[in-house]
Amino acid sequence: MNRAARILSLDTTVTTPDGAALATDVTVADDGQRHPVLLIRTPYGRASVRGMHDAIGLARLGFAVVTQDVRGRWDSSGAFSPFQSERADGAHTVDWCASQPWSNGAVAMAGASYNGFTQWLALAERPAALRVVAPSVAGPDIRSAVYEGGALQLGVFSSWTLGIGALGSNLDGDIRRAAIGALDTWPASIDHDHDVLARISPNWGRWLSPDGSGPSGAVLAGAPGANPDGAARRLASDGAVGADGADGAVGADGVDGAAFADADLWGPLDATPALAGGTDVAGYHLAGWHDLFCESTIRGYTLLAGADEQTAKRQRLVVGPWSHATMLRRTTGQLDFGVTAQGDFNGLVEEQVAFVAAGMAGGDVPHGVRVYVMGANRWLDLDTWPPTRDTVTLHLAANGRLESSPPQTTGADHYRHDPTDPVPTSGGRTLHPVLPEAGPRDQRAVEERRDVLVYTGEVLAADLTVLGTVRAQLTFASSAPVTDVTVKLVDVHPDGAAMLVVDSIQRVRATPGSTREVEVEVGSTAMTFAAGHRVRIEIASSNYPRFDLSPAADQTVHHGGRATSRIVLPTYAGSLR
């Protein structure tokens with residue numbers, strides 16, 4: 001295109017088949033040519049998105065940049081219910097983009113977080129003009145983003161919903177003031193802000209209750225300062241099982257306790273069935289190891305790359321050492337990962353733009369996987385994720401030890417889980433409006449609590465690189481019929497600092513007084529535990545306010561002898577040089 005051409009900004013509207021008017025801006029060169037279209041749909045205001053994505057710069061590169069307020073947000077009409085309209089509205093807008101006089105008929109979608117989820121939902125409708133998606137920190141299934149291991153990601157979705165209610169140009173004044181007030185006292189407001197949340201998001205009550213019957217006691221009564229007995233009665237009855245009676249805790253197959261009941265809510269918000277057979281749409285998937293949607297993003301890449309070899313060559317996965325709020329930055333949490341982690345210096349922005357351009361033109365795109373190995377602080381290129389790997393198994397033993405061989409002596413460690421005094425969230429995969437920040441943080445203060453079990457390995461004689469999905473397998477008993485198991489993987493530095501690497505939760509259904517095997521998918525990571533460091537895991541039953549709370553319980557972790565409690569680390573033996 002002629003780089004000297006004027007750049008036009010067009011203010012227009014896309015009208016959906018049911019009559020909703022979606023406020024839409026177009027930024028395009030005034031050169032009389034037809035251009036490939038880059039579409040970004042957002043609930044956060046199209047003006048902010050234009051600046052974030054440098055719409056004028058992209059127009060000078062040859063794109064027609066279309067930004068749109070989703071239904072019910074900012075200047076778009078209709079009612080906003082999170083994710084509910086993005087499938088049909090997104091596909092309709094793709095078709096609209098392809099038919100405009102400034103369009104050459106090829107459309108790509110881009111954006112992060114909610115703006116990324118809009119891409120997956122539009123893609124599920126398979127609009128013919130959609131050639132490329134570039135979802136950052138977002139995946140194909142909304143339910144698996146709302147819940148983790150059967151527990152509600154209470155922190156992010158309560159604060160996010162309040163933020164949606166507090167910010168926007170088309171909001172009710174009373175709702176806005178109530179949302180701002182609840183945010184100002186968050187997380188203390190979580191126990192009593194449900195009316196506000198329900199006014200902002202009509203399906204909030206259904207999010208709280210896996211069976212769709214209404215808010216569960218895990219949230220309403222289980223928060224600090226509330227009545228734990230009420231929480232126990234409510235959650236034990238319906239908080240962690242599906243309507244079919246299935247066990248709310250399962251292993252590594254990815255199905256969790258939010259399970260299957262409210263299919264009319266979650267079914268349309270899952271693009272997986274529509275894309276299971278593969279697609280020729282190219283995808284650039286960007287994630288962060290400390291991001292709450294890391295696993296969701298990896299699942300999306302795996303879904304599109306897994307159909308066949310040709311499909312895999314249309315997909316690219318990049319995972320850096322970032323949290324949701326620190327994407328492409330060099331520092332996350334309490335660690336500095338170096339200049340190569342910073343987007344200005346690692347070429348990822350340019351790579352993404354080139355990928356989108358090539359994909360829309362039907363050309364070859366860079367494919368494969370690029371991950372940032374924390375600890376070693378360097379990028380590693382792989383053909384696929386996860387790579388071929390070995391495993392190292394560390395077994396829980398007496399006196400808080402992790403041992404490479406199964407201990408012969410049997411033992412057990414006990415703690416009391418009290419939902420009125422839960423283990424506080426300290427870093428990890430969060431997006432909270434208050435400190436502490438997300439990502440790697442020193443866990444020593446948390447480890448001093450009596451309701452946290454700590455197991456530590458020997459000092460490493462050589463580097464140990466963990467690459468893939470970490471899993472914990474525990475022999476566990478609880479006095480409650482429904483409870484939670486949280487597991488953290490921690491890097492212990494020579495000076496004693498205990499830096500969080502990755503952690504997760506599994507909601508389980510137990511028979512009080514009986515042991516059962518519990519598997520916790522701790523999460524995916526790329527981490528070098530350097531020589532002189534030690535591997536540590538922490539076990540508890542709460543991580544608040546990141547997750548909602550289960551009833552009070554006496555918990556026991558068995559180890560040694562026939563007990564199989566252990567952490568399984570996928571390891572990488574290749575060179576990082």
# chains A, B, ... in the order shown; residues from 1 in each chain; ligands from 1

call {"tool": "residues_around", "arguments": {"residues": "A:Pro17", "least_positions_apart": "3", "cutoff": "10 Å", "atoms": "only C-alpha atoms", "output": "list in words"}}
result
Val14, Ala20, Ala21, Ala88, Asp89 and His92 of chain A

call {"tool": "select_by_dssp", "arguments": {"residues": "stretch 282-477 of chain A", "states": "strand (DSSP E)", "output": "VMD selection string"}}
result
chain A and resid 282 to 290 315 to 323 331 to 332 335 to 336 368 to 373 378 to 382 390 to 397 401 to 403 411 to 417 453 to 456 464 to 477

call {"tool": "residues_around", "arguments": {"residues": "stretch 325-338 of chain A", "least_positions_apart": "3", "cutoff": "7 Å", "atoms": "only C-alpha atoms", "output": "PDB file with N, CA and C atoms, in the first residue's frame"}}
result
ATOM      1  N   GLY A 288       1.122 -17.003  29.374  1.00  0.00           N
ATOM      2  CA  GLY A 288       2.124 -16.752  30.408  1.00  0.00           C
ATOM      3  C   GLY A 288       2.075 -17.858  31.442  1.00  0.00           C
ATOM      4  N   TRP A 322       5.168 -14.707  32.243  1.00  0.00           N
ATOM      5  CA  TRP A 322       4.332 -13.576  32.609  1.00  0.00           C
ATOM      6  C   TRP A 322       3.079 -13.986  33.368  1.00  0.00           C
ATOM      7  N   ALA A 341      12.819 -11.454  28.230  1.00  0.00           N
ATOM      8  CA  ALA A 341      11.402 -11.696  28.487  1.00  0.00           C
ATOM      9  C   ALA A 341      10.531 -10.516  28.055  1.00  0.00           C
ATOM     10  N   GLN A 342      11.135  -9.403  27.723  1.00  0.00           N
ATOM     11  CA  GLN A 342      10.405  -8.176  27.429  1.00  0.00           C
ATOM     12  C   GLN A 342      10.047  -8.100  25.953  1.00  0.00           C
ATOM     13  N   GLY A 343       8.786  -7.781  25.677  1.00  0.00           N
ATOM     14  CA  GLY A 343       8.288  -7.805  24.313  1.00  0.00           C
ATOM     15  C   GLY A 343       9.011  -6.880  23.362  1.00  0.00           C
ATOM     16  N   ASN A 377      16.222 -18.721  32.460  1.00  0.00           N
ATOM     17  CA  ASN A 377      15.929 -17.430  31.835  1.00  0.00           C
ATOM     18  C   ASN A 377      16.387 -17.377  30.383  1.00  0.00           C
ATOM     19  N   GLY A 427       0.476 -14.616  45.542  1.00  0.00           N
ATOM     20  CA  GLY A 427       1.009 -14.797  44.206  1.00  0.00           C
ATOM     21  C   GLY A 427       0.287 -15.904  43.461  1.00  0.00           C
ATOM     22  N   GLU A 437       0.781  -9.047  44.369  1.00  0.00           N
ATOM     23  CA  GLU A 437       0.718  -9.202  42.933  1.00  0.00           C
ATOM     24  C   GLU A 437       0.781 -10.676  42.546  1.00  0.00           C
ATOM     25  N   ALA A 438       0.397 -10.956  41.305  1.00  0.00           N
ATOM     26  CA  ALA A 438       0.435 -12.318  40.773  1.00  0.00           C
ATOM     27  C   ALA A 438       1.866 -12.746  40.488  1.00  0.00           C
ATOM     28  N   GLY A 439       2.023 -14.056  40.302  1.00  0.00           N
ATOM     29  CA  GLY A 439       3.310 -14.587  39.870  1.00  0.00           C
ATOM     30  C   GLY A 439       4.136 -15.149  41.005  1.00  0.00           C
ATOM     31  N   PRO A 440       5.440 -15.299  40.786  1.00  0.00           N
ATOM     32  CA  PRO A 440       6.305 -15.908  41.795  1.00  0.00           C
ATOM     33  C   PRO A 440       6.496 -14.989  42.991  1.00  0.00           C
ATOM     34  N   ARG A 441       6.158 -15.517  44.171  1.00  0.00           N
ATOM     35  CA  ARG A 441       6.350 -14.779  45.419  1.00  0.00           C
ATOM     36  C   ARG A 441       6.925 -15.725  46.472  1.00  0.00           C
TER      37      ARG A 441
END

call {"tool": "closest_residue", "arguments": {"among": "A:Ala510, A:Ala274, A:Val49, A:Ile175", "to": "A:Ser479", "atoms": "only C-alpha atoms"}}
result
A:Ala510

call {"tool": "residues_around", "arguments": {"residues": "A:Arg126", "least_positions_apart": "6", "cutoff": "9 Å", "atoms": "only C-alpha atoms", "output": "PDB file with N, CA and C atoms, in the first residue's frame"}}
result
ATOM      1  N   ALA A  91     -19.465 -14.108  14.817  1.00  0.00           N
ATOM      2  CA  ALA A  91     -19.524 -14.654  13.458  1.00  0.00           C
ATOM      3  C   ALA A  91     -20.225 -13.687  12.508  1.00  0.00           C
ATOM      4  N   ALA A 274     -17.057 -28.066  18.164  1.00  0.00           N
ATOM      5  CA  ALA A 274     -17.122 -27.561  16.795  1.00  0.00           C
ATOM      6  C   ALA A 274     -15.775 -27.619  16.095  1.00  0.00           C
ATOM      7  N   LEU A 275     -14.676 -27.649  16.869  1.00  0.00           N
ATOM      8  CA  LEU A 275     -13.341 -27.585  16.276  1.00  0.00           C
ATOM      9  C   LEU A 275     -12.559 -28.874  16.427  1.00  0.00           C
ATOM     10  N   THR A 279      -9.271 -27.451  11.787  1.00  0.00           N
ATOM     11  CA  THR A 279      -9.671 -26.293  10.994  1.00  0.00           C
ATOM     12  C   THR A 279      -8.461 -25.808  10.220  1.00  0.00           C
TER      13      THR A 279
END

call {"tool": "closest_residue", "arguments": {"among": "A:Ala357, A:Ile190, A:Leu162, A:Ala179", "to": "A:Ala64", "atoms": "only C-alpha atoms"}}
result
A:Ala357

call {"tool": "residues_around", "arguments": {"residues": "A:Ala47", "least_positions_apart": "3", "cutoff": "9 Å", "atoms": "only C-alpha atoms", "output": "list in words"}}
result
Asp25, Tyr44, Arg50, Gly51, Met52 and Thr67 of chain A

call {"tool": "write_last_selection", "arguments": {"atoms": "all heavy atoms", "output": "CSV table (one decimal), in the first residue's frame"}}
result
chain,number,residue,atom,x,y,z
A,25,ASP,N,-15.8,0.8,15.0
A,25,ASP,CA,-14.9,1.7,14.4
A,25,ASP,C,-14.1,1.0,13.4
A,25,ASP,O,-13.7,-0.2,13.6
A,25,ASP,CB,-14.0,2.4,15.4
A,25,ASP,CG,-14.8,3.4,16.3
A,25,ASP,OD1,-15.9,3.7,15.9
A,25,ASP,OD2,-14.2,3.7,17.4
A,44,TYR,N,-14.3,-3.7,26.9
A,44,TYR,CA,-13.5,-2.7,27.6
A,44,TYR,C,-13.5,-1.4,26.9
A,44,TYR,O,-12.8,-0.5,27.4
A,44,TYR,CB,-12.1,-3.2,27.8
A,44,TYR,CG,-12.1,-4.6,28.5
A,44,TYR,CD1,-11.4,-5.6,27.9
A,44,TYR,CD2,-12.7,-4.8,29.7
A,44,TYR,CE1,-11.4,-6.9,28.5
A,44,TYR,CE2,-12.7,-6.0,30.3
A,44,TYR,CZ,-12.0,-7.1,29.7
A,44,TYR,OH,-12.0,-8.3,30.3
A,50,ARG,N,-8.1,0.5,20.4
A,50,ARG,CA,-7.4,1.1,19.2
A,50,ARG,C,-6.1,1.5,19.6
A,50,ARG,O,-5.1,1.3,18.9
A,50,ARG,CB,-8.2,2.3,18.7
A,50,ARG,CG,-9.5,1.9,17.9
A,50,ARG,CD,-10.0,3.0,17.0
A,50,ARG,NE,-10.1,4.3,17.8
A,50,ARG,CZ,-11.2,4.7,18.4
A,50,ARG,NH1,-12.3,3.9,18.4
A,50,ARG,NH2,-11.3,5.8,19.1
A,51,GLY,N,-5.9,2.1,20.8
A,51,GLY,CA,-4.6,2.6,21.2
A,51,GLY,C,-3.7,1.5,21.6
A,51,GLY,O,-2.5,1.5,21.2
A,52,MET,N,-4.2,0.5,22.3
A,52,MET,CA,-3.4,-0.7,22.7
A,52,MET,C,-2.8,-1.4,21.5
A,52,MET,O,-1.7,-1.9,21.5
A,52,MET,CB,-4.3,-1.6,23.5
A,52,MET,CG,-3.5,-2.8,24.1
A,52,MET,SD,-4.6,-3.9,25.1
A,52,MET,CE,-5.2,-2.7,26.4
A,67,THR,N,-12.6,-2.3,15.3
A,67,THR,CA,-12.8,-2.5,16.8
A,67,THR,C,-14.3,-2.3,17.1
A,67,THR,O,-14.9,-1.4,16.6
A,67,THR,CB,-12.0,-1.5,17.6
A,67,THR,OG1,-12.3,-0.2,17.1
A,67,THR,CG2,-10.5,-1.7,17.4

call {"tool": "residues_around", "arguments": {"residues": "A:Glu309", "least_positions_apart": "6", "cutoff": "12 Å", "atoms": "only C-alpha atoms", "output": "PyMOL selection string"}}
result
chain A and resi 278-280+315+367-368+383-384

call {"tool": "write_last_selection", "arguments": {"atoms": "N, CA and C atoms", "output": "JSON list (two decimals), in the first residue's frame"}}
result
[["chain", "number", "residue", "atom", "x", "y", "z"],
["A", 278, "GLY", "N", -10.59, -30.33, 13.58],
["A", 278, "GLY", "CA", -9.56, -29.51, 12.97],
["A", 278, "GLY", "C", -10.14, -28.36, 12.17],
["A", 279, "THR", "N", -9.27, -27.45, 11.79],
["A", 279, "THR", "CA", -9.67, -26.29, 10.99],
["A", 279, "THR", "C", -8.46, -25.81, 10.22],
["A", 280, "ASP", "N", -8.71, -25.16, 9.10],
["A", 280, "ASP", "CA", -7.59, -24.60, 8.34],
["A", 280, "ASP", "C", -7.28, -23.17, 8.78],
["A", 315, "GLN", "N", -0.32, -23.62, 13.37],
["A", 315, "GLN", "CA", -0.51, -23.18, 14.76],
["A", 315, "GLN", "C", 0.85, -22.84, 15.39],
["A", 367, "HIS", "N", 5.43, -21.91, 12.85],
["A", 367, "HIS", "CA", 4.66, -22.82, 13.68],
["A", 367, "HIS", "C", 5.56, -23.41, 14.76],
["A", 368, "GLY", "N", 5.04, -24.38, 15.48],
["A", 368, "GLY", "CA", 5.79, -24.95, 16.58],
["A", 368, "GLY", "C", 5.59, -24.17, 17.86],
["A", 383, "ASP", "N", 9.25, -28.53, 18.76],
["A", 383, "ASP", "CA", 8.35, -28.88, 17.66],
["A", 383, "ASP", "C", 6.90, -28.94, 18.13],
["A", 384, "THR", "N", 6.71, -29.34, 19.37],
["A", 384, "THR", "CA", 5.35, -29.51, 19.89],
["A", 384, "THR", "C", 5.37, -29.35, 21.40]]

call {"tool": "select_by_dssp", "arguments": {"residues": "stretch 273-340 of chain A", "states": "helix (DSSP H, G or I)", "output": "PyMOL selection string"}}
result
chain A and resi 273-275+294-305+309-312+324-326+339-340

call {"tool": "residues_around", "arguments": {"residues": "stretch 104-116 of chain A", "least_positions_apart": "6", "cutoff": "9 Å", "atoms": "only C-alpha atoms", "output": "VMD selection string"}}
result
chain A and resid 33 to 44 49 53 83 94 to 95 97 to 98 128 to 139 286 293 324 356 to 357 359 to 361

call {"tool": "closest_residue", "arguments": {"among": "A:Val487, A:Val318, A:Val365, A:Ala540", "to": "A:Val423", "atoms": "only C-alpha atoms"}}
result
A:Ala540

call {"tool": "atom_distance", "arguments": {"atom1": "atom CA of A:Glu351", "atom2": "atom CA of A:Leu304"}}
result
19.4 Å

call {"tool": "atom_distance", "arguments": {"atom1": "atom CA of A:Gly155", "atom2": "atom CA of A:Val501"}}
result
19.5 Å

call {"tool": "atom_distance", "arguments": {"atom1": "atom CA of A:His417", "atom2": "atom CA of A:Ala480"}}
result
10.1 Å
